[in-house]
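J.: Data: run_22.cif, mmCIF, C-alpha atoms and all ligand atoms.
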```
data_my_file
#
loop_
_atom_site.label_atom_id
_atom_site.label_comp_id
_atom_site.auth_asym_id
_atom_site.auth_seq_id
_atom_site.Cartn_x
_atom_site.Cartn_y
_atom_site.Cartn_z
CA MET A 1 -10.68 -38.12 29.48
CA THR A 2 -8.06 -36.31 27.47
CA THR A 3 -9.56 -34.31 24.60
CA TRP A 4 -7.84 -33.41 21.34
CA GLN A 5 -7.86 -29.81 22.59
CA ASP A 6 -5.86 -30.93 25.63
CA ASN A 7 -3.36 -32.67 23.37
CA GLU A 8 -3.08 -29.63 21.13
CA ALA A 9 -2.46 -27.34 24.09
CA HIS A 10 0.05 -29.79 25.54
CA ASP A 11 2.03 -30.68 22.41
CA MET A 12 1.67 -28.00 19.74
CA MET A 13 3.77 -24.85 19.80
CA ARG A 14 1.72 -21.74 20.51
CA THR A 15 2.15 -20.01 17.18
CA PHE A 16 -1.56 -20.33 16.38
CA ALA A 17 -4.65 -19.63 18.45
CA PRO A 18 -6.45 -22.79 19.64
CA THR A 19 -7.94 -24.39 16.54
CA GLN A 20 -11.63 -24.75 15.74
CA ALA A 21 -12.21 -28.43 15.01
CA LEU A 22 -10.35 -31.68 14.51
CA LEU A 23 -10.83 -32.49 10.83
CA VAL A 24 -10.42 -36.02 9.59
CA ARG A 25 -11.61 -36.10 5.97
CA GLY A 26 -13.11 -34.09 3.17
CA ASP A 27 -14.77 -34.36 -0.22
CA GLY A 28 -15.49 -31.59 -2.68
CA ALA A 29 -16.25 -28.37 -0.79
CA TYR A 30 -16.94 -30.20 2.48
CA VAL A 31 -14.78 -31.31 5.41
CA GLU A 32 -15.77 -33.53 8.29
CA ASP A 33 -14.67 -33.69 11.93
CA GLY A 34 -14.17 -36.75 14.11
CA ASP A 35 -17.81 -36.72 15.27
CA GLY A 36 -19.13 -36.78 11.71
CA THR A 37 -20.12 -33.08 11.64
CA ARG A 38 -19.82 -31.75 8.08
CA TYR A 39 -18.69 -28.22 7.32
CA LEU A 40 -19.04 -26.34 4.05
CA ASP A 41 -15.48 -25.14 3.43
CA PHE A 42 -15.67 -21.66 1.92
CA LEU A 43 -12.15 -20.77 3.01
CA GLY A 44 -10.52 -23.66 1.12
CA GLY A 45 -7.51 -23.90 3.42
CA ILE A 46 -7.00 -20.14 2.80
CA ALA A 47 -7.23 -20.19 -1.00
CA VAL A 48 -5.30 -23.47 -1.25
CA ASN A 49 -7.78 -26.26 -1.99
CA VAL A 50 -8.67 -25.02 -5.47
CA LEU A 51 -10.06 -28.43 -6.49
CA GLY A 52 -11.72 -28.93 -3.12
CA HIS A 53 -10.95 -31.99 -1.00
CA ALA A 54 -10.11 -35.49 -2.26
CA HIS A 55 -10.50 -34.52 -5.91
CA PRO A 56 -10.04 -37.79 -7.86
CA VAL A 57 -7.66 -36.24 -10.41
CA LEU A 58 -5.34 -34.94 -7.68
CA VAL A 59 -5.61 -38.10 -5.56
CA GLU A 60 -4.72 -40.23 -8.59
CA ALA A 61 -1.79 -38.02 -9.64
CA VAL A 62 -0.28 -37.97 -6.14
CA SER A 63 -0.81 -41.71 -5.64
CA GLU A 64 0.74 -42.63 -8.98
CA GLN A 65 3.70 -40.30 -8.49
CA ALA A 66 4.29 -41.64 -4.98
CA LYS A 67 4.67 -45.09 -6.50
CA ALA A 68 7.20 -43.84 -9.05
CA LEU A 69 9.35 -41.20 -7.29
CA ILE A 70 8.57 -38.88 -4.37
CA HIS A 71 11.85 -37.06 -4.14
CA VAL A 72 15.27 -37.04 -5.75
CA SER A 73 17.36 -33.90 -5.23
CA ASN A 74 18.13 -30.93 -7.37
CA TYR A 75 21.13 -32.80 -8.75
CA PHE A 76 18.51 -34.48 -10.95
CA ALA A 77 15.60 -33.41 -13.13
CA THR A 78 12.27 -35.25 -13.25
CA PRO A 79 9.56 -35.27 -15.93
CA PRO A 80 6.81 -33.64 -13.79
CA GLN A 81 9.16 -30.83 -12.82
CA LEU A 82 10.09 -29.97 -16.41
CA GLU A 83 6.48 -30.28 -17.50
CA LEU A 84 5.37 -27.88 -14.76
CA ALA A 85 8.06 -25.30 -15.53
CA ALA A 86 7.03 -25.20 -19.20
CA ARG A 87 3.36 -25.05 -18.23
CA LEU A 88 3.85 -22.12 -15.86
CA LYS A 89 5.77 -20.22 -18.55
CA ARG A 90 2.85 -20.78 -20.91
CA LEU A 91 0.19 -19.75 -18.38
CA ALA A 92 2.11 -16.64 -17.34
CA CYS A 93 2.87 -15.84 -21.00
CA THR A 94 6.57 -15.33 -20.30
CA GLY A 95 7.76 -16.26 -23.80
CA ASP A 96 11.07 -18.08 -24.28
CA ALA A 97 13.03 -15.93 -21.85
CA GLY A 98 10.88 -16.94 -18.87
CA ARG A 99 12.30 -19.18 -16.14
CA VAL A 100 10.84 -20.90 -13.06
CA PHE A 101 12.31 -21.64 -9.62
CA PHE A 102 10.40 -24.02 -7.35
CA ALA A 103 10.12 -23.63 -3.59
CA ASN A 104 7.89 -25.14 -0.91
CA SER A 105 5.78 -22.22 0.22
CA GLY A 106 4.78 -18.66 -0.46
CA THR A 107 7.27 -17.15 1.93
CA GLU A 108 10.09 -19.02 0.19
CA ALA A 109 8.95 -17.85 -3.22
CA ASN A 110 9.17 -14.29 -1.87
CA GLU A 111 12.62 -14.94 -0.37
CA ALA A 112 13.79 -15.77 -3.89
CA ALA A 113 12.16 -12.55 -5.11
CA PHE A 114 13.95 -10.59 -2.38
CA LYS A 115 17.30 -12.04 -3.46
CA LEU A 116 16.55 -11.12 -7.08
CA ALA A 117 15.91 -7.56 -5.91
CA ARG A 118 19.34 -7.54 -4.21
CA LEU A 119 20.96 -8.87 -7.39
CA ASN A 120 19.36 -6.01 -9.31
CA ARG A 121 21.53 -3.43 -7.55
CA GLY A 122 23.05 -2.17 -10.83
CA ASP A 123 26.73 -1.92 -11.93
CA ASP A 124 27.36 1.01 -9.62
CA GLY A 125 25.40 -0.55 -6.73
CA ARG A 126 22.95 2.34 -6.63
CA ARG A 127 19.74 0.32 -6.37
CA THR A 128 19.36 -0.40 -2.67
CA ARG A 129 15.71 0.48 -2.01
CA ILE A 130 12.76 -1.91 -2.14
CA LEU A 131 9.25 -0.51 -2.13
CA SER A 132 6.47 -2.52 -0.56
CA MET A 133 2.90 -1.54 0.32
CA LYS A 134 1.58 -0.64 3.76
CA ASP A 135 -0.58 -3.42 5.20
CA SER A 136 0.78 -5.93 2.66
CA PHE A 137 1.52 -9.55 3.54
CA HIS A 138 4.39 -11.47 1.97
CA GLY A 139 5.20 -14.21 4.49
CA ARG A 140 6.79 -15.11 7.81
CA THR A 141 10.46 -15.85 7.19
CA MET A 142 12.81 -12.95 7.91
CA GLY A 143 13.13 -11.67 4.34
CA ALA A 144 9.45 -12.04 3.51
CA LEU A 145 8.61 -10.54 6.90
CA ALA A 146 10.76 -7.53 6.03
CA LEU A 147 8.76 -7.19 2.78
CA THR A 148 5.50 -7.35 4.78
CA GLY A 149 4.07 -3.89 5.46
CA LYS A 150 2.79 -4.56 8.97
CA PRO A 151 5.14 -3.01 11.55
CA ALA A 152 3.36 -4.80 14.41
CA MET A 153 4.56 -8.12 12.98
CA HIS A 154 8.17 -6.85 12.80
CA SER A 155 8.86 -5.45 16.22
CA ASP A 156 9.62 -8.70 18.07
CA PHE A 157 12.04 -9.88 15.37
CA GLU A 158 14.22 -6.93 14.54
CA PRO A 159 16.75 -6.46 13.08
CA LEU A 160 15.22 -7.52 9.76
CA PRO A 161 16.98 -7.37 6.39
CA GLY A 162 17.19 -3.68 5.51
CA GLY A 163 16.25 -1.45 2.63
CA VAL A 164 12.50 -2.06 2.53
CA GLU A 165 10.16 0.94 2.67
CA TYR A 166 6.39 0.82 2.99
CA ILE A 167 4.25 3.18 0.97
CA ASP A 168 0.52 3.83 0.67
CA THR A 169 -1.00 1.79 -2.14
CA THR A 170 -1.74 4.86 -4.26
CA ILE A 171 -0.33 6.02 -7.58
CA GLU A 172 0.68 9.31 -5.94
CA ALA A 173 2.68 7.59 -3.19
CA LEU A 174 4.38 5.37 -5.77
CA GLU A 175 5.32 8.33 -7.96
CA ALA A 176 6.67 10.22 -4.96
CA ALA A 177 8.79 7.27 -3.77
CA MET A 178 10.29 6.14 -7.09
CA ASP A 179 13.82 7.08 -8.00
CA GLU A 180 16.99 5.60 -9.51
CA GLN A 181 17.83 3.86 -6.22
CA VAL A 182 14.80 1.58 -6.30
CA ALA A 183 15.74 -2.06 -6.99
CA ALA A 184 12.23 -3.50 -6.86
CA VAL A 185 8.58 -2.85 -6.14
CA ILE A 186 6.60 -5.75 -4.68
CA VAL A 187 2.81 -5.66 -4.67
CA GLU A 188 -0.21 -7.93 -4.21
CA PRO A 189 -2.89 -7.22 -6.87
CA ILE A 190 -5.45 -7.82 -4.10
CA LYS A 191 -4.32 -7.67 -0.47
CA GLY A 192 -5.93 -10.84 0.81
CA GLU A 193 -4.61 -10.99 4.35
CA ALA A 194 -5.36 -7.31 4.91
CA GLY A 195 -9.03 -7.94 4.09
CA VAL A 196 -9.34 -8.33 0.29
CA TYR A 197 -8.45 -4.84 -0.94
CA GLU A 198 -7.70 -4.38 -4.65
CA VAL A 199 -4.97 -1.98 -5.78
CA PRO A 200 -6.49 1.19 -7.26
CA ASP A 201 -7.31 1.23 -10.98
CA GLY A 202 -4.21 1.93 -13.05
CA PHE A 203 -1.81 1.19 -10.17
CA LEU A 204 -0.09 -1.85 -11.71
CA GLU A 205 0.19 -0.13 -15.11
CA ARG A 206 1.80 2.93 -13.49
CA ALA A 207 4.08 0.72 -11.38
CA ARG A 208 5.17 -1.05 -14.58
CA ALA A 209 5.96 2.23 -16.33
CA LEU A 210 7.85 3.73 -13.37
CA THR A 211 9.91 0.61 -12.60
CA SER A 212 10.85 0.21 -16.27
CA GLU A 213 12.09 3.82 -16.38
CA VAL A 214 14.62 3.26 -13.58
CA GLY A 215 15.45 -0.42 -14.13
CA ALA A 216 13.64 -1.62 -11.00
CA LEU A 217 11.93 -5.00 -10.91
CA LEU A 218 8.17 -5.19 -10.72
CA ILE A 219 7.43 -8.23 -8.54
CA ILE A 220 3.80 -9.31 -8.29
CA ASP A 221 2.88 -11.46 -5.29
CA GLU A 222 0.14 -13.74 -6.68
CA ILE A 223 0.43 -16.26 -3.84
CA GLN A 224 -3.21 -15.73 -2.87
CA THR A 225 -4.63 -14.31 -6.11
CA GLY A 226 -2.99 -16.69 -8.60
CA VAL A 227 -3.89 -20.10 -9.99
CA GLY A 228 -7.30 -19.03 -11.28
CA ARG A 229 -8.66 -17.64 -8.03
CA THR A 230 -9.76 -14.32 -9.56
CA GLY A 231 -10.96 -15.80 -12.87
CA ASP A 232 -7.63 -15.22 -14.65
CA TRP A 233 -4.60 -17.47 -14.18
CA PHE A 234 -2.97 -14.52 -12.43
CA ALA A 235 -4.78 -11.38 -11.29
CA TYR A 236 -2.29 -9.02 -12.98
CA GLN A 237 -3.29 -10.49 -16.37
CA ALA A 238 -6.50 -8.47 -16.22
CA THR A 239 -4.30 -5.38 -16.76
CA GLY A 240 -2.21 -6.57 -19.73
CA ILE A 241 1.12 -5.61 -18.08
CA THR A 242 4.20 -7.84 -18.14
CA PRO A 243 5.91 -7.99 -14.73
CA ASP A 244 9.53 -9.03 -14.06
CA ALA A 245 8.66 -11.71 -11.52
CA VAL A 246 5.53 -13.38 -10.19
CA THR A 247 5.41 -15.40 -6.98
CA VAL A 248 2.88 -18.21 -6.58
CA ALA A 249 2.06 -20.81 -3.91
CA LYS A 250 -1.19 -21.55 -2.02
CA GLY A 251 -3.43 -23.11 -4.70
CA ILE A 252 -0.75 -24.24 -7.11
CA ALA A 253 -0.60 -27.89 -6.02
CA GLY A 254 -4.06 -28.06 -4.44
CA GLY A 255 -2.71 -28.44 -0.91
CA VAL A 256 0.57 -30.26 -1.47
CA PRO A 257 3.13 -27.70 -0.21
CA MET A 258 4.65 -25.81 -3.13
CA GLY A 259 5.74 -22.33 -4.13
CA ALA A 260 7.31 -20.93 -7.27
CA ILE A 261 8.75 -17.78 -8.74
CA ILE A 262 8.29 -17.14 -12.44
CA THR A 263 10.61 -14.60 -14.04
CA PHE A 264 10.41 -12.70 -17.31
CA GLY A 265 13.08 -11.39 -19.69
CA ALA A 266 16.45 -10.34 -18.27
CA THR A 267 15.33 -11.06 -14.70
CA SER A 268 15.65 -14.74 -15.62
CA GLU A 269 19.43 -14.22 -15.91
CA LEU A 270 19.99 -12.69 -12.46
CA PHE A 271 20.62 -15.89 -10.47
CA HIS A 272 23.82 -17.79 -11.12
CA PRO A 273 24.54 -21.36 -9.99
CA GLY A 274 25.13 -21.48 -6.26
CA GLN A 275 23.31 -18.27 -5.36
CA HIS A 276 20.03 -19.91 -4.42
CA GLY A 277 18.71 -23.40 -3.80
CA THR A 278 16.38 -25.75 -1.96
CA THR A 279 16.30 -29.41 -0.98
CA PHE A 280 12.61 -30.14 -1.46
CA GLY A 281 11.62 -27.45 -3.95
CA GLY A 282 10.28 -28.81 -7.25
CA ASN A 283 10.30 -32.43 -6.17
CA PRO A 284 8.37 -34.86 -8.36
CA LEU A 285 5.50 -35.37 -5.87
CA ALA A 286 4.71 -31.67 -5.55
CA THR A 287 5.18 -30.93 -9.24
CA ALA A 288 3.01 -33.89 -10.28
CA ALA A 289 0.31 -32.55 -7.96
CA ALA A 290 0.62 -29.08 -9.51
CA ASN A 291 0.41 -30.47 -13.05
CA ALA A 292 -2.77 -32.30 -12.10
CA VAL A 293 -4.30 -29.18 -10.52
CA LEU A 294 -3.41 -26.83 -13.37
CA GLY A 295 -4.47 -29.40 -15.96
CA GLU A 296 -7.84 -29.84 -14.26
CA ILE A 297 -8.40 -26.07 -14.02
CA GLU A 298 -7.87 -25.90 -17.79
CA SER A 299 -9.88 -28.94 -18.84
CA ALA A 300 -12.79 -28.32 -16.46
CA GLY A 301 -13.08 -24.61 -17.34
CA LEU A 302 -12.53 -23.50 -13.76
CA LEU A 303 -11.33 -19.98 -14.63
CA GLU A 304 -14.74 -19.32 -16.15
CA ASN A 305 -16.39 -21.02 -13.17
CA ALA A 306 -14.47 -18.79 -10.73
CA ARG A 307 -15.73 -15.72 -12.58
CA GLN A 308 -19.36 -16.88 -12.81
CA ARG A 309 -19.63 -18.28 -9.29
CA GLY A 310 -18.03 -15.12 -7.93
CA GLU A 311 -20.78 -13.05 -9.57
CA GLN A 312 -23.42 -15.46 -8.35
CA LEU A 313 -22.08 -15.26 -4.78
CA ARG A 314 -22.18 -11.46 -4.89
CA GLU A 315 -25.85 -11.61 -5.90
CA VAL A 316 -26.63 -14.08 -3.13
CA ILE A 317 -24.85 -11.91 -0.54
CA ALA A 318 -26.66 -8.77 -1.73
CA GLY A 319 -29.95 -10.74 -1.69
CA LEU A 320 -29.50 -11.57 1.99
CA GLY A 321 -30.48 -7.95 2.63
CA SER A 322 -28.57 -7.88 5.91
CA PRO A 323 -28.06 -4.44 7.48
CA LEU A 324 -24.70 -5.79 8.74
CA ILE A 325 -23.34 -6.06 5.17
CA THR A 326 -22.23 -2.90 3.39
CA GLY A 327 -20.68 -4.41 0.26
CA VAL A 328 -18.41 -7.04 -1.28
CA ARG A 329 -14.80 -6.48 -2.39
CA GLY A 330 -12.54 -8.68 -4.48
CA ARG A 331 -12.74 -10.62 -7.72
CA GLY A 332 -13.71 -14.10 -8.82
CA LEU A 333 -13.68 -16.42 -5.83
CA LEU A 334 -11.59 -14.20 -3.56
CA LEU A 335 -14.24 -12.10 -1.85
CA GLY A 336 -14.29 -9.83 1.19
CA ILE A 337 -17.71 -9.17 2.68
CA ALA A 338 -17.57 -5.67 4.17
CA LEU A 339 -19.41 -5.24 7.46
CA ALA A 340 -21.00 -2.16 9.03
CA LYS A 341 -19.63 -3.02 12.48
CA PRO A 342 -16.60 -4.92 13.86
CA VAL A 343 -18.57 -8.17 14.13
CA ALA A 344 -16.50 -10.35 11.79
CA PRO A 345 -15.12 -12.54 14.62
CA ALA A 346 -18.67 -13.11 15.92
CA ILE A 347 -19.97 -13.96 12.43
CA HIS A 348 -17.02 -16.26 11.87
CA ALA A 349 -17.83 -18.14 15.10
CA ALA A 350 -21.56 -18.27 14.37
CA ALA A 351 -20.83 -19.56 10.86
CA LEU A 352 -18.72 -22.38 12.27
CA SER A 353 -21.58 -23.33 14.59
CA ALA A 354 -23.80 -23.38 11.50
CA GLY A 355 -21.33 -25.68 9.74
CA LEU A 356 -19.72 -23.05 7.51
CA ILE A 357 -16.00 -22.28 7.36
CA VAL A 358 -15.07 -18.68 6.46
CA ASN A 359 -12.60 -16.34 8.13
CA ALA A 360 -12.21 -12.83 9.46
CA PRO A 361 -8.98 -11.23 8.14
CA ASN A 362 -9.97 -8.11 10.10
CA ALA A 363 -12.81 -7.18 12.44
CA GLU A 364 -14.98 -5.73 9.66
CA THR A 365 -14.42 -8.27 6.88
CA ILE A 366 -15.44 -11.87 6.22
CA ARG A 367 -13.24 -13.52 3.60
CA LEU A 368 -14.41 -16.22 1.21
CA ALA A 369 -11.96 -18.28 -0.85
CA PRO A 370 -13.93 -21.43 -1.71
CA PRO A 371 -12.71 -24.18 -4.04
CA LEU A 372 -12.97 -23.22 -7.73
CA ILE A 373 -15.21 -26.26 -8.33
CA ILE A 374 -18.26 -24.94 -6.47
CA GLY A 375 -21.66 -24.98 -8.22
CA ASP A 376 -25.29 -24.15 -7.52
CA ALA A 377 -25.65 -26.67 -4.69
CA GLU A 378 -22.69 -25.32 -2.68
CA ILE A 379 -23.81 -21.73 -3.19
CA ALA A 380 -27.35 -22.56 -2.03
CA ASP A 381 -25.91 -24.28 1.04
CA PHE A 382 -23.66 -21.26 1.70
CA GLU A 383 -26.68 -18.97 1.52
CA LYS A 384 -28.59 -21.08 4.04
CA ARG A 385 -25.74 -21.41 6.53
CA PHE A 386 -24.51 -17.84 6.23
CA ARG A 387 -28.02 -16.53 6.86
CA VAL A 388 -28.15 -18.52 10.08
CA ALA A 389 -24.81 -17.01 11.14
CA LEU A 390 -25.93 -13.46 10.36
CA ASP A 391 -29.21 -13.96 12.23
CA ALA A 392 -27.31 -15.25 15.26
CA VAL A 393 -25.22 -12.05 15.35
CA SER A 394 -27.87 -9.43 14.45
C1 LIG B 1 -0.15 -16.73 2.20
C2 LIG B 1 0.63 -15.64 1.57
C3 LIG B 1 2.03 -15.62 1.65
C4 LIG B 1 2.83 -16.63 2.47
O1 LIG B 1 2.68 -17.91 1.99
P1 LIG B 1 3.11 -19.16 2.94
O2 LIG B 1 2.93 -20.35 2.05
O3 LIG B 1 2.19 -19.13 4.11
O4 LIG B 1 4.51 -18.96 3.32
C5 LIG B 1 2.70 -14.61 0.98
N1 LIG B 1 2.03 -13.68 0.26
C6 LIG B 1 0.68 -13.68 0.16
C7 LIG B 1 0.01 -12.65 -0.65
C8 LIG B 1 -0.06 -14.66 0.82
O5 LIG B 1 -1.39 -14.64 0.75
#
```
Show this structure as structure tokens.
Ligand SMILES: *Cc1c(COP(=O)(O)O)cnc(C)c1O
T.:
Amino acid sequence: MTTWQDNEAHDMMRTFAPTQALLVRGDGAYVEDGDGTRYLDFLGGIAVNVLGHAHPVLVEAVSEQAKALIHVSNYFATPPQLELAARLKRLACTGDAGRVFFANSGTEANEAAFKLARLNRGDDGRRTRILSMKDSFHGRTMGALALTGKPAMHSDFEPLPGGVEYIDTTIEALEAAMDEQVAAVIVEPIKGEAGVYEVPDGFLERARALTSEVGALLIIDEIQTGVGRTGDWFAYQATGITPDAVTVAKGIAGGVPMGAIITFGATSELFHPGQHGTTFGGNPLATAAANAVLGEIESAGLLENARQRGEQLREVIAGLGSPLITGVRGRGLLLGIALAKPVAPAIHAAALSAGLIVNAPNAETIRLAPPLIIGDAEIADFEKRFRVALDAVS
């Protein structure tokens, strides 16, 4: 008999490793495979399913919008699109001068950011350098790949767009690299793909001061950290700085593909008609989904929940008393469990067998990015299943 694994191997392009299960439905923080096995989803589609699965508010918004209009083109505006743009300006506190461009993914949001950096070259063309962080992740298309500070991901695809340099994520490295030729600095407040590493204290504030001095853009990649994940709408808001551009995607529409770039001040004036575009970006289906997600985060108090449940999870993880666990990094509901040994892949596999979905961004870290709706019951279930996984590996 042909299995789904056979079909996957036969028909799907080999960009991903063989997958772990064939999922057919979900509800809340749980997903279910074709045999009726239920998994507690503490990865949330990699920080995407902020309202969990099949949330009635999102289901209703998408269903209603599908009946009205799914797509027009960017020759036309639609009410959900304009509502979302105004909402994002409010949540990011851009003031009047803020503007929003909609895309379909994180990598596309960062492509727009890259083009803004090129447009910020200055009257004399002096600003040609872009500073990015070592071990950062900004996406898979050629521009976003060039921004990504992982040389191993570059080598098969060179030449990449030029001008990007990768620095250590330290204030000293930033100070040493900054000069009048820098067009932009791009940084993740917490490097999620690298293993949930926060920038050092004071880094974003110093980056803001140094970029302002030379007229460089400060671009914050909030694709993983944004939309309430860390307990603030955007992680940089914990610092009080005002960036020039913020990129968002992942959780913004709860799983409907969407990305966006939000600009502040004069950066909003850099693009002129014809310099950038998209067919699907900002279509009424995706923007209606995003309005529903962001509205629900506000009305259900999910920022506060992300903060509280994050603290609660840290206590539960510490309470497991496992010699394999050396600490927990991250903020809110983006957590990296630090391990004493490179056993993250083994724990990840054991967790799946115990009906728990997490992932291993590197060999010594387990990442959690559960839906923002989790409560006591999900955390108790996590504790039970994660303990089984740890015991299986110890
Ligand atoms: C996931 C991610 C991206 C890429 O987003 P896609 O939607 O996969 O293109 C970019 N930056 C960060 C920080 C991410 O976590």
J.: Here is a test: counting all atoms listed in the file, which residue of A:His53, A:Gly226, A:Asp6, A:Ala176 is nearest to A:Val24?
T.: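 Smallest distance to A:Val24 is found for A:His53.
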J.: Give me, please, the distance in Å between atom CA of A:Thr230 and atom CA of A:Cys93, quoted to one decimal.
T.: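 Atom-to-atom, atom CA of A:Thr230 and atom CA of A:Cys93 are spaced 17.1 Å apart.
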J.: So how many Å separate atom CA of A:Ala92 and atom CA of A:Ile241, to one decimal?
T.: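 One can read the atom CA of A:Ala92 to atom CA of A:Ile241 distance as 11.1 Å.
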J.: From the options A:Asn110, A:Asn305, A:Asn283, A:Asn359, which residue's atoms come nearest to ligand LIG 1 (chain B), counting only C-alpha atoms and all ligand atoms?
T.: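 Checking each candidate against ligand LIG 1 (chain B), we get A:Asn110 as the closest.
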J.: Can you pull out every residue with an atom within 9 Å of ligand LIG 1 (chain B)? Use all atoms listed in the file and format it as a PyMOL selection string.
T.: chain A and resi 46-47+104-110+136-141+144+148+187-193+221-225+247-250+257-259
J.: May I have the residues within 12 Å of stretch 199-214 of chain A as a PyMOL selection string, using only C-alpha atoms and disregarding those fewer than 3 positions away in the same chain?
T.: chain A and resi 120-122+126-127+129-136+168-192+194+196+217-221+235-245+329-331
J.: Show which residues sit within 7 Å of stretch 65-68 of chain A, as a PDB file with C-alpha atoms, keeping the file's coordinate frame. Count all atoms listed in the file, and ignore same-chain residues fewer than 4 positions away.
T.:
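And here's result-v6.pdb as it stands now:
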```
ATOM      1  CA  ALA A  61      -1.790 -38.020  -9.640  1.00  0.00           C
ATOM      2  CA  LEU A 285       5.500 -35.370  -5.870  1.00  0.00           C
ATOM      3  CA  ALA A 288       3.010 -33.890 -10.280  1.00  0.00           C
TER       4      ALA A 288
END
```
J.: Closest to A:Val328 among A:Ile357, A:Ala289, A:Leu368, A:Ala103, using all atoms listed in the file?
T.: A:Leu368
J.: Just to confirm, what's the straight-line distance from atom CA of A:Arg367 to atom CA of A:His348 in Å (one decimal)?
T.: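 It comes out at 9.5 Å.
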J.: Identify, on the basis of all atoms listed in the file, every residue whose closest approach to A:Ile325 does not exceed 10 Å; exclude the query and any residue fewer than 2 positions from it along the same chain; express the result as number ranges by chain.
T.: A: 317-318, 320-323, 327-328, 337-341, 364-366, 390
J.: Counting only C-alpha atoms, figure out which residue out of A:Met142, A:Met13, A:Leu302, A:Leu40 gets nearest to A:Ser155.
T.: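 Answer, going by the shortest atom-to-atom distance: A:Met142.
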J.: Given all atoms listed in the file as the basis, pick out the residue of A:Gly282, A:Gly231, A:Gly319, A:Gly44 nearest to A:Pro371.
T.: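 Of the candidates, the smallest distance to A:Pro371 is held by A:Gly44.
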J.: Restricting the calculation to only C-alpha atoms, which member of A:Ala290, A:Ala377, A:Leu334, A:Ala351 is positioned closest to A:Val62?
T.: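 The closest residue to A:Val62 is A:Ala290.
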J.: Counting all atoms listed in the file, I want the residues whose atoms come within 9 Å of (-17.2, -28.5, 3.3) in the file frame, returned as a ChimeraX atom specification.
T.: /A:26-32,38-42,44,52-53,355-357,378
